[in-house]
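K.L.:
Quick one: the structure is below, and I'll ask about it shortly.
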Amino acid sequence: MTSTTPALPAEADLGQLRTLAKDLRLAVRHGKPGAAERAARTGPVDPARFSIRDAQQVIAGEHGFARWHDVVSAFGNRQPRERDLHRWFAVELNNALGDLLFDLTPSTPRAEQDRALYQAYAACYHWLEAGTPANHGRAEYTIAQTALAIGRPRIAAHHAPRYAELIAEHPSDFTDWDSAFSVEILARTAAATGAPDAGELRARAQHLADRIADADAREVVRDRLDRGPWFALEGE
């Protein structure tokens, strides 16, 4: 950090700050007393459109930073080794994107769409530098998932197959739930692009989900399969 960069308290934890942002977003959205006024310190607030990024900006300002990115970088500077940095940023980018995916739609402002997609690409890059084939495969899934959420199925179609390819190349690095997710994203992408095998792929993903050994993982995959959008398969 430079001498002009705010210093984080020694006990500060990025996970706690991210939770504060989530709590603030919900408080503003639900009209809790004082929440909108607190959020308005960084600019005008529309409670119906107050996003996780807006909330993170408020939290960053409360800790003396101009942007949330600067908060993340300040934590990253605490990690001395290059490989650790790559892994740390990959995890943080994934976590932050997980928050954003709840709000992303094709009608999300273009700048926010672009930031989310580039975030998914950046996480994939860092996993390539410091992760395993499984991390790479799951990052390809996230890129495809993000692209579908913002209405860019052609990008998803480029990345969705890579997950299954990596599983075929490195089977011992992946789990049974990876196999189910790899087919689920193929099915969802096929449905978004109008491919004729979308329904067959969705059924195959469901079959693989039902065979997952761990009950918790099985329910996570089933929940994902139950969640939209399923594009051309909606209503089936």
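Chain identifiers are assigned as A, B, and so on, following the order in which chains appear in the structure tokens; residues are numbered from 1 within each chain, and ligands are numbered from 1 in order of appearance.
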Residues of range 20-83 of chain A within 8 Å of range 89-104 of chain A: nearest atom pair and distance (Å, one decimal) for each, counting only C-alpha atoms, sorted by chain and number, as a Markdown table?

P.N.:
```
| residue | atom | partner | partner_atom | distance |
| --- | --- | --- | --- | --- |
| A:Ser51 | CA | A:Asp103 | CA | 7.3 |
| A:Ile52 | CA | A:Leu100 | CA | 6.5 |
| A:Arg53 | CA | A:Leu100 | CA | 7.7 |
| A:Val72 | CA | A:Glu92 | CA | 7.9 |
| A:Gly76 | CA | A:Phe89 | CA | 7.1 |
```

K.L.:
Would you output that residue set with N, CA and C atoms, as a PDB file, in the first residue's frame?

P.N.:
```pdb
ATOM      1  N   SER A  51     -28.085  -1.938  -5.346  1.00  0.00           N
ATOM      2  CA  SER A  51     -27.449  -3.220  -5.620  1.00  0.00           C
ATOM      3  C   SER A  51     -26.358  -3.536  -4.613  1.00  0.00           C
ATOM      4  N   ILE A  52     -25.810  -4.734  -4.723  1.00  0.00           N
ATOM      5  CA  ILE A  52     -24.714  -5.126  -3.835  1.00  0.00           C
ATOM      6  C   ILE A  52     -23.496  -4.250  -4.096  1.00  0.00           C
ATOM      7  N   ARG A  53     -23.291  -3.855  -5.344  1.00  0.00           N
ATOM      8  CA  ARG A  53     -22.163  -2.958  -5.635  1.00  0.00           C
ATOM      9  C   ARG A  53     -22.361  -1.601  -4.970  1.00  0.00           C
ATOM     10  N   VAL A  72     -10.592  -4.515  -1.582  1.00  0.00           N
ATOM     11  CA  VAL A  72     -10.121  -5.851  -1.939  1.00  0.00           C
ATOM     12  C   VAL A  72      -8.612  -5.853  -2.154  1.00  0.00           C
ATOM     13  N   GLY A  76      -5.556  -7.883  -0.385  1.00  0.00           N
ATOM     14  CA  GLY A  76      -4.632  -8.665  -1.194  1.00  0.00           C
ATOM     15  C   GLY A  76      -3.187  -8.338  -0.899  1.00  0.00           C
TER      16      GLY A  76
END
```

K.L.:
Do you know which residues are at most 10 Å from range 110-113 of chain A counting only C-alpha atoms, after dropping those on the same chain fewer than 5 positions away, and could you put them as a ChimeraX atom specification?

P.N.:
/A:53,100,104-105,118-119,146-147,149-152

K.L.:
Just to confirm, what's the straight-line distance from CA of Arg154 in chain A to CA of Ala123 in chain A in Å (one decimal)?

P.N.:
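These atoms are spaced 19.9 Å apart.
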
K.L.:
When distances are computed from only C-alpha atoms, which of A:Ile185, A:Gly64, A:Ala134, A:Leu85 shows the smallest separation from Pro229 in chain A?

P.N.:
A:Ile185

K.L.:
Mind listing the helix (DSSP H, G or I) residues of range 20-210 of chain A, per DSSP on the backbone, as an MDAnalysis selection string?

P.N.:
chainID A and resid 20:29 35:42 47:49 52:62 68:76 82:100 110:130 133:149 153:169 171:173 176:193 198:210

K.L.:
Report, in Å to a single decimal, how far apart CA of Phe75 in chain A and CA of Ile59 in chain A are.

P.N.:
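Going from CA of Ile59 in chain A over to CA of Phe75 in chain A covers 14.5 Å.
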
K.L.:
Which neighbours of range 178-182 of chain A fall inside 12 Å, counting only C-alpha atoms, when residues of the same chain fewer than 5 positions from it are skipped, and could you give them as a PyMOL selection string?

P.N.:
chain A and resi 133-142+144-145+159-168+170-173+187-189+201-213+217-225
